[in-house]
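query-v3.txt, holding compact mmCIF, C-alpha atoms and all ligand atoms:
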```
# COMPACT_ATOMS: atom_id res chain seq x y z
CA MET K 1 -15.96 -15.68 8.35
CA SER K 2 -13.28 -13.73 10.21
CA GLU K 3 -9.81 -14.96 11.00
CA VAL K 4 -9.58 -12.48 13.84
CA PHE K 5 -12.80 -13.85 15.37
CA GLU K 6 -11.62 -17.42 14.89
CA GLY K 7 -8.33 -16.59 16.60
CA TYR K 8 -10.15 -15.29 19.70
CA GLU K 9 -12.57 -18.20 19.56
CA HIS K 10 -9.69 -20.63 19.56
CA GLN K 11 -8.15 -18.92 22.60
CA TYR K 12 -11.49 -18.82 24.38
CA CYS K 13 -12.21 -22.52 23.87
CA ASP K 14 -8.77 -23.40 25.15
CA LEU K 15 -9.15 -21.19 28.19
CA SER K 16 -12.67 -22.37 28.97
CA ALA K 17 -11.66 -26.05 28.89
CA ASN K 18 -8.75 -25.26 31.16
CA LEU K 19 -10.89 -23.28 33.65
CA SER K 20 -13.49 -26.01 33.79
CA ARG K 21 -10.78 -28.56 34.64
CA LYS K 22 -9.30 -26.24 37.27
CA CYS K 23 -12.68 -25.65 38.97
CA GLY K 24 -13.15 -29.40 39.22
CA SER K 25 -9.74 -30.11 40.71
CA ALA K 26 -9.77 -27.07 43.06
CA SER K 27 -13.04 -28.20 44.63
CA LEU K 28 -11.30 -31.39 45.81
CA LEU K 29 -8.38 -29.61 47.45
CA SER K 30 -8.22 -29.74 51.25
CA ASP K 31 -5.08 -27.62 51.57
CA GLN K 32 -6.47 -24.07 51.94
CA ASP K 33 -3.33 -22.30 50.67
CA GLN K 34 -3.25 -24.41 47.56
CA LYS K 35 -6.94 -23.85 47.06
CA GLN K 36 -6.53 -20.06 47.44
CA GLN K 37 -3.88 -20.08 44.76
CA GLU K 38 -6.04 -22.12 42.39
CA VAL K 39 -8.98 -19.79 43.08
CA ALA K 40 -6.84 -16.74 42.23
CA GLU K 41 -5.73 -18.36 38.98
CA ILE K 42 -9.29 -19.25 38.03
CA LYS K 43 -10.41 -15.69 38.80
CA ALA K 44 -7.71 -14.27 36.51
CA GLY K 45 -8.69 -16.80 33.84
CA LEU K 46 -12.33 -15.76 34.06
CA ASP K 47 -11.32 -12.12 33.55
CA ASP K 48 -9.31 -13.12 30.49
CA ALA K 49 -12.25 -15.14 29.15
CA GLU K 50 -14.52 -12.14 29.62
CA ALA K 51 -12.05 -9.92 27.77
CA LEU K 52 -11.91 -12.42 24.89
CA ILE K 53 -15.68 -12.41 24.64
CA ARG K 54 -15.64 -8.61 24.51
CA LYS K 55 -13.08 -8.72 21.70
CA MET K 56 -15.12 -11.31 19.78
CA ASP K 57 -18.18 -9.12 20.22
CA LEU K 58 -16.38 -6.06 18.87
CA GLU K 59 -15.00 -8.01 15.92
CA ALA K 60 -18.39 -9.60 15.13
CA ARG K 61 -20.11 -6.21 15.17
CA SER K 62 -17.60 -4.82 12.67
CA LEU K 63 -18.55 -7.45 10.05
CA GLN K 64 -21.26 -7.59 7.41
CA ALA K 65 -24.83 -8.36 8.47
CA GLY K 66 -24.93 -12.09 7.56
CA VAL K 67 -21.61 -13.01 9.16
CA LYS K 68 -22.34 -10.74 12.11
CA ALA K 69 -25.59 -12.57 12.91
CA THR K 70 -23.88 -15.99 12.79
CA LEU K 71 -21.02 -14.86 14.99
CA LEU K 72 -23.29 -13.14 17.50
CA ALA K 73 -25.30 -16.36 17.81
CA LYS K 74 -22.08 -18.22 18.56
CA LEU K 75 -21.16 -15.53 21.07
CA ARG K 76 -24.40 -16.11 22.97
CA GLU K 77 -23.28 -19.71 23.46
CA TYR K 78 -19.87 -18.60 24.69
CA ASN K 79 -21.52 -16.16 27.07
CA SER K 80 -23.62 -18.98 28.51
CA ASP K 81 -20.54 -21.10 28.81
CA LEU K 82 -18.79 -18.31 30.68
CA ASN K 83 -21.79 -17.93 33.01
CA LYS K 84 -21.58 -21.63 33.76
CA LEU K 85 -17.93 -21.29 34.63
CA LYS K 86 -18.72 -18.34 36.87
CA THR K 87 -21.37 -20.38 38.68
CA GLU K 88 -18.85 -23.15 39.25
CA PHE K 89 -16.42 -20.57 40.55
CA THR K 90 -18.99 -19.04 42.94
CA ARG K 91 -19.78 -22.49 44.27
CA LEU K 92 -16.08 -23.09 44.78
CA THR K 93 -15.50 -19.88 46.71
CA SER K 94 -18.79 -19.67 48.60
CA PRO K 95 -17.92 -19.44 52.35
CA ASP K 96 -21.38 -20.80 53.17
CA ALA K 97 -20.78 -24.01 51.36
CA ASP K 98 -17.39 -24.54 53.02
CA HIS K 99 -18.46 -23.67 56.56
CA ALA K 100 -21.66 -25.57 56.28
CA ARG K 101 -19.81 -28.68 55.24
CA GLU K 102 -17.25 -28.28 58.06
CA ASP K 103 -19.96 -27.55 60.60
CA LEU K 104 -21.93 -30.54 59.54
CA LEU K 105 -18.96 -32.82 59.83
CA GLU K 106 -18.05 -31.36 63.18
CA ALA K 107 -21.60 -31.58 64.46
CA GLY K 108 -22.04 -35.09 63.19
CA MET K 109 -18.88 -36.18 65.01
CA ALA K 110 -19.95 -34.53 68.21
CA ASP K 111 -23.35 -36.05 67.94
CA ALA K 112 -21.83 -39.44 68.28
CA HIS K 113 -20.29 -38.48 71.59
CA LEU K 114 -22.45 -35.81 73.09
CA ALA K 115 -25.79 -34.62 71.72
CA SER K 116 -25.90 -31.19 73.29
CA ALA K 117 -28.71 -28.74 72.55
CA ASP K 118 -26.12 -26.20 71.43
CA GLN K 119 -24.68 -28.51 68.83
CA SER K 120 -28.04 -29.62 67.57
CA GLU K 121 -28.89 -25.93 67.00
CA ARG K 122 -25.70 -25.45 65.00
CA LEU K 123 -26.57 -28.56 63.04
CA THR K 124 -29.96 -27.12 62.18
CA LYS K 125 -28.39 -23.80 61.13
CA SER K 126 -25.79 -25.61 59.04
CA ILE K 127 -28.44 -27.60 57.26
CA GLU K 128 -30.37 -24.40 56.60
CA ARG K 129 -27.23 -22.79 55.13
CA ILE K 130 -26.63 -25.83 52.91
CA ASP K 131 -30.24 -25.70 51.79
CA GLU K 132 -29.84 -22.01 50.98
CA SER K 133 -26.67 -22.62 48.95
CA SER K 134 -28.32 -25.49 47.11
CA ASP K 135 -31.32 -23.31 46.33
CA GLN K 136 -29.05 -20.61 44.94
CA ILE K 137 -27.22 -23.17 42.80
CA ARG K 138 -30.48 -24.68 41.60
CA GLU K 139 -31.78 -21.22 40.79
CA SER K 140 -28.72 -20.32 38.71
CA GLN K 141 -28.88 -23.68 36.94
CA LYS K 142 -32.53 -23.04 36.18
CA VAL K 143 -31.76 -19.59 34.76
CA MET K 144 -28.98 -21.06 32.65
CA LEU K 145 -31.10 -23.86 31.30
CA GLU K 146 -33.89 -21.44 30.49
CA THR K 147 -31.46 -19.17 28.71
CA VAL K 148 -29.46 -21.61 26.66
CA GLY K 149 -31.14 -25.00 26.72
CA VAL K 150 -29.69 -28.31 27.91
CA SER K 151 -28.50 -29.50 24.54
CA ILE K 152 -26.39 -26.43 23.85
CA LEU K 153 -24.56 -26.81 27.15
CA ASP K 154 -24.02 -30.51 26.54
CA ASP K 155 -22.81 -29.90 23.01
CA LEU K 156 -20.51 -27.10 23.96
CA HIS K 157 -17.64 -29.20 25.19
CA GLN K 158 -17.75 -31.31 22.06
CA GLN K 159 -17.93 -28.27 19.81
CA ARG K 160 -15.03 -26.73 21.66
CA GLU K 161 -12.86 -29.80 21.02
CA THR K 162 -13.92 -30.02 17.37
CA LEU K 163 -13.26 -26.35 16.84
CA LEU K 164 -9.84 -26.61 18.40
CA ASN K 165 -8.90 -29.52 16.19
CA SER K 166 -10.31 -28.10 12.98
CA HIS K 167 -8.73 -24.71 13.61
CA GLN K 168 -5.32 -26.27 14.15
CA LYS K 169 -5.73 -28.49 11.08
CA LYS K 170 -6.86 -25.55 8.95
CA GLN K 171 -3.89 -23.46 10.02
CA LEU K 172 -1.47 -26.27 9.24
CA MET K 173 -3.06 -26.89 5.84
CA GLU K 174 -3.01 -23.20 4.96
CA GLU K 175 0.63 -22.86 5.94
CA LYS K 176 1.50 -25.79 3.72
CA THR K 177 -0.63 -25.03 0.71
CA ASN K 178 -1.25 -21.30 0.43
CA GLN K 179 1.09 -19.51 -1.81
CA VAL K 180 -0.36 -16.33 -3.19
CA VAL K 181 1.45 -14.05 -5.63
CA LEU K 182 0.11 -10.87 -7.22
CA LEU K 183 1.67 -9.60 -10.44
CA GLY K 184 0.91 -5.91 -10.80
CA ILE K 185 2.07 -2.37 -11.43
CA TRP K 186 1.79 0.29 -8.74
CA PRO K 187 -0.30 2.93 -10.58
CA SER K 188 -2.97 0.44 -11.66
CA GLY K 189 -6.42 0.63 -10.06
CA ALA K 190 -7.17 -2.88 -11.35
CA CYS K 191 -4.17 -4.20 -9.42
CA ALA K 192 -4.94 -2.11 -6.34
CA ARG K 193 -8.46 -3.60 -6.07
CA VAL K 194 -6.97 -7.11 -5.91
CA ALA K 195 -4.38 -6.07 -3.35
CA LEU K 196 -7.10 -4.43 -1.22
CA ALA K 197 -9.34 -7.51 -1.30
CA LEU K 198 -6.43 -9.73 -0.22
CA LYS K 199 -5.61 -7.38 2.65
CA LEU K 200 -9.24 -7.19 3.76
CA LYS K 201 -9.42 -10.94 3.93
CA GLY K 202 -6.08 -11.11 5.72
CA ILE K 203 -4.45 -13.25 3.00
CA LEU K 204 -0.68 -13.06 3.01
CA TYR K 205 0.69 -12.58 -0.50
CA LYS K 206 3.83 -11.74 -2.34
CA TYR K 207 3.69 -8.73 -4.65
CA VAL K 208 5.74 -8.71 -7.87
CA GLU K 209 6.00 -5.41 -9.74
CA GLU K 210 5.88 -5.92 -13.51
CA ASP K 211 7.61 -3.83 -16.14
CA LEU K 212 5.01 -3.40 -18.89
CA THR K 213 7.65 -2.14 -21.32
CA ASN K 214 9.42 -5.45 -20.94
CA LYS K 215 6.83 -8.01 -19.81
CA SER K 216 8.20 -10.89 -17.79
CA GLU K 217 8.04 -14.54 -18.78
CA LEU K 218 5.98 -15.09 -15.67
CA LEU K 219 3.31 -12.62 -16.88
CA LEU K 220 3.29 -13.86 -20.48
CA LYS K 221 3.05 -17.47 -19.37
CA ASN K 222 0.24 -16.81 -16.91
CA ASN K 223 -1.86 -14.37 -18.91
CA PRO K 224 -1.10 -15.41 -22.50
CA ILE K 225 -4.40 -14.03 -23.84
CA HIS K 226 -4.37 -10.43 -22.59
CA LYS K 227 -0.75 -10.20 -21.34
CA LYS K 228 -1.99 -7.70 -18.75
CA VAL K 229 -1.79 -7.21 -15.01
CA PRO K 230 -3.19 -8.01 -12.52
CA VAL K 231 -2.58 -11.73 -12.44
CA LEU K 232 -3.07 -13.74 -9.29
CA LEU K 233 -1.10 -16.95 -8.78
CA HIS K 234 -2.57 -19.21 -6.16
CA ASN K 235 -0.43 -22.29 -5.62
CA ASP K 236 0.78 -21.85 -9.21
CA LYS K 237 -2.76 -21.63 -10.63
CA ALA K 238 -3.12 -18.41 -12.62
CA ILE K 239 -6.21 -16.17 -12.57
CA ALA K 240 -6.42 -13.09 -14.80
CA GLU K 241 -8.84 -10.14 -15.06
CA SER K 242 -9.33 -8.17 -11.88
CA LEU K 243 -13.08 -8.80 -11.47
CA VAL K 244 -12.60 -12.52 -12.04
CA ILE K 245 -9.80 -12.47 -9.48
CA LEU K 246 -11.99 -10.68 -6.93
CA GLU K 247 -14.71 -13.31 -7.30
CA TYR K 248 -12.09 -16.05 -7.00
CA ILE K 249 -10.75 -14.48 -3.79
CA GLU K 250 -14.27 -14.22 -2.35
CA GLU K 251 -15.04 -17.88 -3.08
CA THR K 252 -11.67 -19.30 -2.11
CA TRP K 253 -11.38 -17.53 1.23
CA SER K 254 -15.07 -17.59 2.07
CA HIS K 255 -14.45 -17.97 5.82
CA THR K 256 -12.96 -14.44 5.93
CA PRO K 257 -15.04 -11.20 5.81
CA ASN K 258 -17.28 -11.38 2.73
CA ILE K 259 -17.09 -8.69 0.10
CA LEU K 260 -20.35 -9.73 -1.58
CA PRO K 261 -23.76 -9.83 0.15
CA CYS K 262 -25.33 -13.22 0.99
CA ASP K 263 -28.55 -12.54 -0.88
CA PRO K 264 -28.30 -13.50 -4.61
CA TYR K 265 -30.36 -10.50 -5.73
CA GLN K 266 -28.20 -8.07 -3.75
CA ARG K 267 -25.13 -9.78 -5.20
CA ALA K 268 -26.52 -9.35 -8.72
CA LYS K 269 -27.08 -5.64 -8.09
CA VAL K 270 -23.55 -5.16 -6.78
CA ARG K 271 -22.19 -6.93 -9.88
CA PHE K 272 -24.34 -4.77 -12.14
CA TRP K 273 -22.89 -1.54 -10.74
CA VAL K 274 -19.35 -2.90 -10.63
CA ASN K 275 -19.67 -3.70 -14.33
CA TYR K 276 -21.16 -0.30 -15.04
CA PHE K 277 -18.19 1.30 -13.35
CA ASP K 278 -15.69 -0.73 -15.33
CA GLN K 279 -17.46 -0.50 -18.67
CA LYS K 280 -18.54 3.13 -18.54
CA ILE K 281 -16.82 5.21 -15.89
CA ARG K 282 -13.29 3.89 -16.16
CA PRO K 283 -13.15 4.48 -19.93
CA ALA K 284 -14.71 7.93 -19.38
CA ILE K 285 -11.92 8.80 -16.90
CA ASN K 286 -9.31 7.55 -19.37
CA LEU K 287 -10.84 9.71 -22.07
CA VAL K 288 -10.38 12.79 -19.88
CA PHE K 289 -6.68 11.98 -19.63
CA ILE K 290 -6.02 11.36 -23.30
CA SER K 291 -8.13 14.16 -24.77
CA LYS K 292 -6.92 17.70 -25.28
CA ALA K 293 -8.34 21.23 -24.92
CA GLU K 294 -12.04 21.50 -25.76
CA GLU K 295 -12.37 17.72 -26.04
CA ARG K 296 -11.16 17.35 -22.50
CA LYS K 297 -13.79 19.77 -21.25
CA LYS K 298 -16.46 17.76 -23.01
CA ALA K 299 -15.05 14.53 -21.66
CA ILE K 300 -15.19 15.97 -18.13
CA GLU K 301 -18.81 17.03 -18.59
CA ASN K 302 -19.71 13.59 -19.85
CA LEU K 303 -17.85 11.92 -16.97
CA ASN K 304 -19.71 14.01 -14.38
CA GLU K 305 -23.09 13.13 -15.85
CA MET K 306 -22.16 9.47 -15.81
CA ILE K 307 -20.98 9.57 -12.21
CA LYS K 308 -24.20 11.33 -11.23
CA ASP K 309 -26.31 8.57 -12.82
CA PHE K 310 -24.10 5.93 -11.27
CA TYR K 311 -24.33 7.35 -7.77
CA GLU K 312 -28.08 7.88 -7.95
CA GLY K 313 -28.60 4.36 -9.29
CA VAL K 314 -26.46 2.82 -6.57
CA LYS K 315 -28.21 4.85 -3.90
CA LYS K 316 -31.61 3.77 -5.21
CA ASP K 317 -30.59 0.13 -5.27
CA PHE K 318 -28.93 -0.02 -1.87
CA GLY K 319 -30.96 2.56 0.04
CA GLU K 320 -30.03 3.65 3.53
CA GLU K 321 -27.25 1.08 3.85
CA PHE K 322 -25.31 2.98 1.24
CA PRO K 323 -22.77 4.56 0.99
CA TYR K 324 -19.91 3.14 2.97
CA CYS K 325 -19.16 5.02 6.14
CA LYS K 326 -16.64 4.78 8.92
CA GLY K 327 -16.69 1.53 10.87
CA LYS K 328 -18.47 -0.48 8.18
CA CYS K 329 -16.95 -3.32 6.16
CA LEU K 330 -15.88 -2.67 2.62
CA GLY K 331 -17.84 -4.46 -0.09
CA LEU K 332 -16.95 -5.27 -3.70
CA LEU K 333 -18.32 -1.97 -5.00
CA ASP K 334 -16.34 0.05 -2.44
CA ILE K 335 -13.20 -1.85 -3.39
CA VAL K 336 -13.62 -1.38 -7.13
CA VAL K 337 -14.67 2.28 -7.04
CA GLY K 338 -12.43 3.33 -4.14
CA THR K 339 -9.19 2.07 -5.67
CA ASN K 340 -9.93 4.01 -8.83
CA ALA K 341 -11.98 7.16 -8.24
CA GLY K 342 -10.57 7.30 -4.71
CA ASN K 343 -7.56 8.89 -6.46
CA TYR K 344 -9.66 11.86 -7.63
CA LYS K 345 -7.35 14.38 -5.95
CA VAL K 346 -4.44 12.94 -7.90
CA ILE K 347 -6.42 13.38 -11.14
CA ASN K 348 -7.27 17.01 -10.25
CA ASP K 349 -3.69 17.86 -9.33
CA ALA K 350 -2.18 16.12 -12.36
CA LEU K 351 -4.48 17.82 -14.83
CA GLY K 352 -4.61 21.13 -12.95
CA MET K 353 -8.42 21.28 -12.82
CA GLU K 354 -11.42 19.92 -10.94
CA VAL K 355 -12.32 16.79 -12.90
CA ILE K 356 -15.10 15.36 -10.70
CA HIS K 357 -17.16 18.43 -9.86
CA THR K 358 -18.12 19.13 -6.26
CA HIS K 359 -21.29 20.98 -7.30
CA ILE K 360 -22.58 17.96 -9.26
CA ASN K 361 -21.12 14.99 -7.42
CA SER K 362 -20.55 16.10 -3.84
CA GLN K 363 -22.13 12.94 -2.37
CA PHE K 364 -20.05 10.70 -4.59
CA LEU K 365 -16.93 12.59 -3.48
CA SER K 366 -17.92 12.24 0.20
CA TRP K 367 -18.18 8.49 -0.39
CA MET K 368 -14.66 8.54 -1.90
CA ASP K 369 -13.35 10.59 1.04
CA ALA K 370 -14.82 8.11 3.53
CA LEU K 371 -13.18 5.26 1.64
CA ARG K 372 -9.84 7.04 1.53
CA GLU K 373 -9.95 7.22 5.34
CA HIS K 374 -10.18 3.43 5.65
CA PRO K 375 -6.77 2.22 6.90
CA LEU K 376 -6.46 -0.57 4.31
CA VAL K 377 -7.49 1.73 1.47
CA LYS K 378 -4.92 4.27 2.68
CA ASP K 379 -2.35 1.51 2.72
CA THR K 380 -3.22 0.47 -0.85
CA LEU K 381 -3.63 3.71 -2.81
CA PRO K 382 -0.34 4.88 -4.37
CA PRO K 383 1.44 7.87 -2.79
CA HIS K 384 -0.25 11.08 -3.97
CA ASP K 385 2.85 13.00 -5.12
CA LYS K 386 4.43 10.07 -6.94
CA PHE K 387 1.14 9.46 -8.74
CA VAL K 388 0.65 13.16 -9.66
CA ALA K 389 4.18 13.34 -11.03
CA LYS K 390 3.60 10.29 -13.22
CA PHE K 391 0.34 11.57 -14.71
CA ARG K 392 1.42 15.19 -15.05
CA GLY K 393 4.47 14.17 -17.07
CA LYS K 394 2.36 12.05 -19.38
CA PHE K 395 -0.88 13.99 -19.78
CA GLY K 396 -0.36 17.36 -18.08
CA PRO K 397 -2.72 20.35 -17.67
CA ILE K 398 -4.34 21.93 -20.73
CA ASN K 399 -2.77 25.28 -21.63
N1 LIG R 1 -9.82 -5.67 -17.66
C1 LIG R 1 -8.50 -5.82 -17.10
C2 LIG R 1 -7.68 -4.60 -17.38
C3 LIG R 1 -6.26 -4.76 -16.92
C4 LIG R 1 -5.36 -3.70 -17.51
O1 LIG R 1 -5.78 -2.86 -18.30
N2 LIG R 1 -4.11 -3.76 -17.15
C5 LIG R 1 -3.15 -2.84 -17.63
C6 LIG R 1 -2.47 -2.12 -16.49
S1 LIG R 1 -3.66 -1.15 -15.61
C7 LIG R 1 -2.06 -3.62 -18.38
O2 LIG R 1 -1.58 -4.62 -17.93
N3 LIG R 1 -1.68 -3.13 -19.54
C8 LIG R 1 -0.67 -3.76 -20.32
C9 LIG R 1 -0.98 -3.77 -21.77
O3 LIG R 1 -2.03 -3.27 -22.17
O4 LIG R 1 -0.15 -4.29 -22.52
C10 LIG R 1 -8.65 -6.06 -15.59
O5 LIG R 1 -9.59 -5.50 -14.99
O6 LIG R 1 -7.85 -6.80 -15.02
```
Represent the structure from my file as structure tokens, please.
Amino acid sequence: MSEVFEGYEHQYCDLSANLSRKCGSASLLSDQDQKQQEVAEIKAGLDDAEALIRKMDLEARSLQAGVKATLLAKLREYNSDLNKLKTEFTRLTSPDADHAREDLLEAGMADAHLASADQSERLTKSIERIDESSDQIRESQKVMLETVGVSILDDLHQQRETLLNSHQKKQLMEEKTNQVVLLGIWPSGACARVALALKLKGILYKYVEEDLTNKSELLLKNNPIHKKVPVLLHNDKAIAESLVILEYIEETWSHTPNILPCDPYQRAKVRFWVNYFDQKIRPAINLVFISKAEERKKAIENLNEMIKDFYEGVKKDFGEEFPYCKGKCLGLLDIVVGTNAGNYKVINDALGMEVIHTHINSQFLSWMDALREHPLVKDTLPPHDKFVAKFRGKFGPIN
């Protein structure tokens, strides 16, 4: 789901339980000063609760469709709960209810001694005012019941308690058990995609920079087959191969924003294009780097054709929802492509030429630009100049 949403939810449940208790105790207070103070505190609490609901709403709307729908459904319940609290508050502060009760008492007392016409008129008016207040209360109860249903209201308190407990337990467990380490090297797109997924899901991790010219015991022990980075260590369990790691992250922290769609067919399509990118486009980019003179030109041509097919295929498969744009959540394909081709300016500057052509792949480049604007992508891509310097020294422009 979303840790941010859960954080607000936790605060809201706490606050709501507290406000409900306060409304109950304030209604029994006879000391008016004390009551005023309680009323002011409840009012401030209701404002805070409203602000929390607004924050939850904003957070929910920033998430992917499936999660968003679930969280918005939850939010409707919290909204109803808040309305109930507001009704309790109105009842508590309604001058009609207070005066009517006082008048009644007063009139009743007087009645015992002296049944004057004046007092009996006040009594009638008081009863009318009480009837009016009761009607208003009944009306708001009716509206609430129509909107949310009896069972939801009844369940809400229980859910609130359960949520509170499970949230606290989950936090404690995670603090005790989660130890996440990423072995990587800074210029690697494969490592950057893992780092980005961890950041998106809000998973705290320790990053260890490897020296591939002198591989550490830690790397060799944890990726004995390929001896490559990235390697993810989760509570000492090792996972190698970036795409395998991304799937592991998605499944392990499934309560955080999802990077794969809910629908199995959509998931399959995302995986297809992610594999295409890794099996075709990444090697084609590498070929541009390692080839020289005329070969490099050919490699660039080939790369542009491949990117064109890739982009058109992705667009066809994902339709209007594609590509990523500002305000949307990043998915697996954005993560994989963005942490690699998102460095296209570095590639151009290092090789001294336009490698991904604007006239052929302008839409693909706009997608990359949108991704590069995402704060977590910005935070993950290596610094431009450092990266250019590394590549230029190694591969350089063609003379
Ligand atoms: N398919 C692997 C590729 C990983 C990879 O190529 N890692 C490079 C750094 S980008 C590496 O560790 N190279 C060391 C070596 O080849 O010895 C993945 O996606 O994780």
Using all atoms listed in the file, find each protein or nucleic acid residue lying at most 7 Å from ligand LIG 1 (chain R); present the set as a PDB file with C-alpha atoms, in the coordinates of the input.
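Output contents, as saved in out-v5.pdb:
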```pdb
ATOM      1  CA  ILE K 185       2.070  -2.370 -11.430  1.00  0.00           C
ATOM      2  CA  SER K 188      -2.970   0.440 -11.660  1.00  0.00           C
ATOM      3  CA  GLY K 189      -6.420   0.630 -10.060  1.00  0.00           C
ATOM      4  CA  ALA K 190      -7.170  -2.880 -11.350  1.00  0.00           C
ATOM      5  CA  CYS K 191      -4.170  -4.200  -9.420  1.00  0.00           C
ATOM      6  CA  LEU K 212       5.010  -3.400 -18.890  1.00  0.00           C
ATOM      7  CA  LYS K 227      -0.750 -10.200 -21.340  1.00  0.00           C
ATOM      8  CA  LYS K 228      -1.990  -7.700 -18.750  1.00  0.00           C
ATOM      9  CA  VAL K 229      -1.790  -7.210 -15.010  1.00  0.00           C
ATOM     10  CA  PRO K 230      -3.190  -8.010 -12.520  1.00  0.00           C
ATOM     11  CA  ALA K 240      -6.420 -13.090 -14.800  1.00  0.00           C
ATOM     12  CA  GLU K 241      -8.840 -10.140 -15.060  1.00  0.00           C
ATOM     13  CA  SER K 242      -9.330  -8.170 -11.880  1.00  0.00           C
ATOM     14  CA  LEU K 243     -13.080  -8.800 -11.470  1.00  0.00           C
TER      15      LEU K 243
END
```
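Nearest-residue note for His359 (chain K): choosing from K:Pro257, K:Lys221, K:Glu295, K:Glu305, the minimum distance belongs to K:Glu305, counting only C-alpha atoms.
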Residues near Phe364 (chain K), anyone? I mean within 8 Å using all atoms listed in the file, not counting same-chain ones fewer than 3 positions away, as a PyMOL selection string.
chain K and resi 307-308+311+361+367-368
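What separates CA of Pro397 (chain K) from CA of Glu210 (chain K) is a distance of 28.0 Å.
The shortest atom-to-atom distance to Leu287 (chain K), with all atoms listed in the file taken into account, belongs to K:Phe395 out of K:Val67, K:Phe322, K:Phe395, K:Ala238.
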CA of Ser20 (chain K) to CA of Leu52 (chain K) measures 16.3 Å
Would you list the contacts of Lys55 (chain K) as a PyMOL selection string, taking every protein, DNA or RNA residue within 12 Å and counting all atoms listed in the file, but skipping same-chain residues closer than 2 positions in sequence?
chain K and resi 4-9+11-12+48-53+57-62+72+75
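Picture a line from CA of Arg267 (chain K) to CA of Ala69 (chain K); it runs 18.3 Å.
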Which residues are near His234 (chain K)? Cut-off 6 Å, only C-alpha atoms, ignore same chain within fewer than 3 positions. Put them as a list of chain:residue names.
K:Gln179, K:Val180, K:Lys237
Go ahead and save the residues from that selection, with C-alpha atoms, as a tab-separated table (two decimals), keeping the file's coordinate frame.
```tsv
chain	number	residue	atom	x	y	z
K	179	GLN	CA	1.09	-19.51	-1.81
K	180	VAL	CA	-0.36	-16.33	-3.19
K	237	LYS	CA	-2.76	-21.63	-10.63
```
Env of Val231 (chain K): 6 Å cut, atoms = all atoms listed in the file, seq-sep filter 3 positions within chain, self excluded. Answer as a PyMOL selection string.
chain K and resi 182-183+239-240
Might I get the box with edges along x, y and z of the file that holds all atoms of region 44-50 of chain K listed there, padded by 5 Å on every side, given as centre and edge lengths in Å to one decimal, as JSON?
```
{"center_x": -11.1, "center_y": -14.5, "center_z": 32.8, "size_x": 16.8, "size_y": 14.7, "size_z": 17.4}
```
With all atoms listed in the file as the atoms that count, which of K:Pro187, K:Lys269, K:Asp263, K:Pro224 lies nearest to Asn340 (chain K)?
K:Pro187
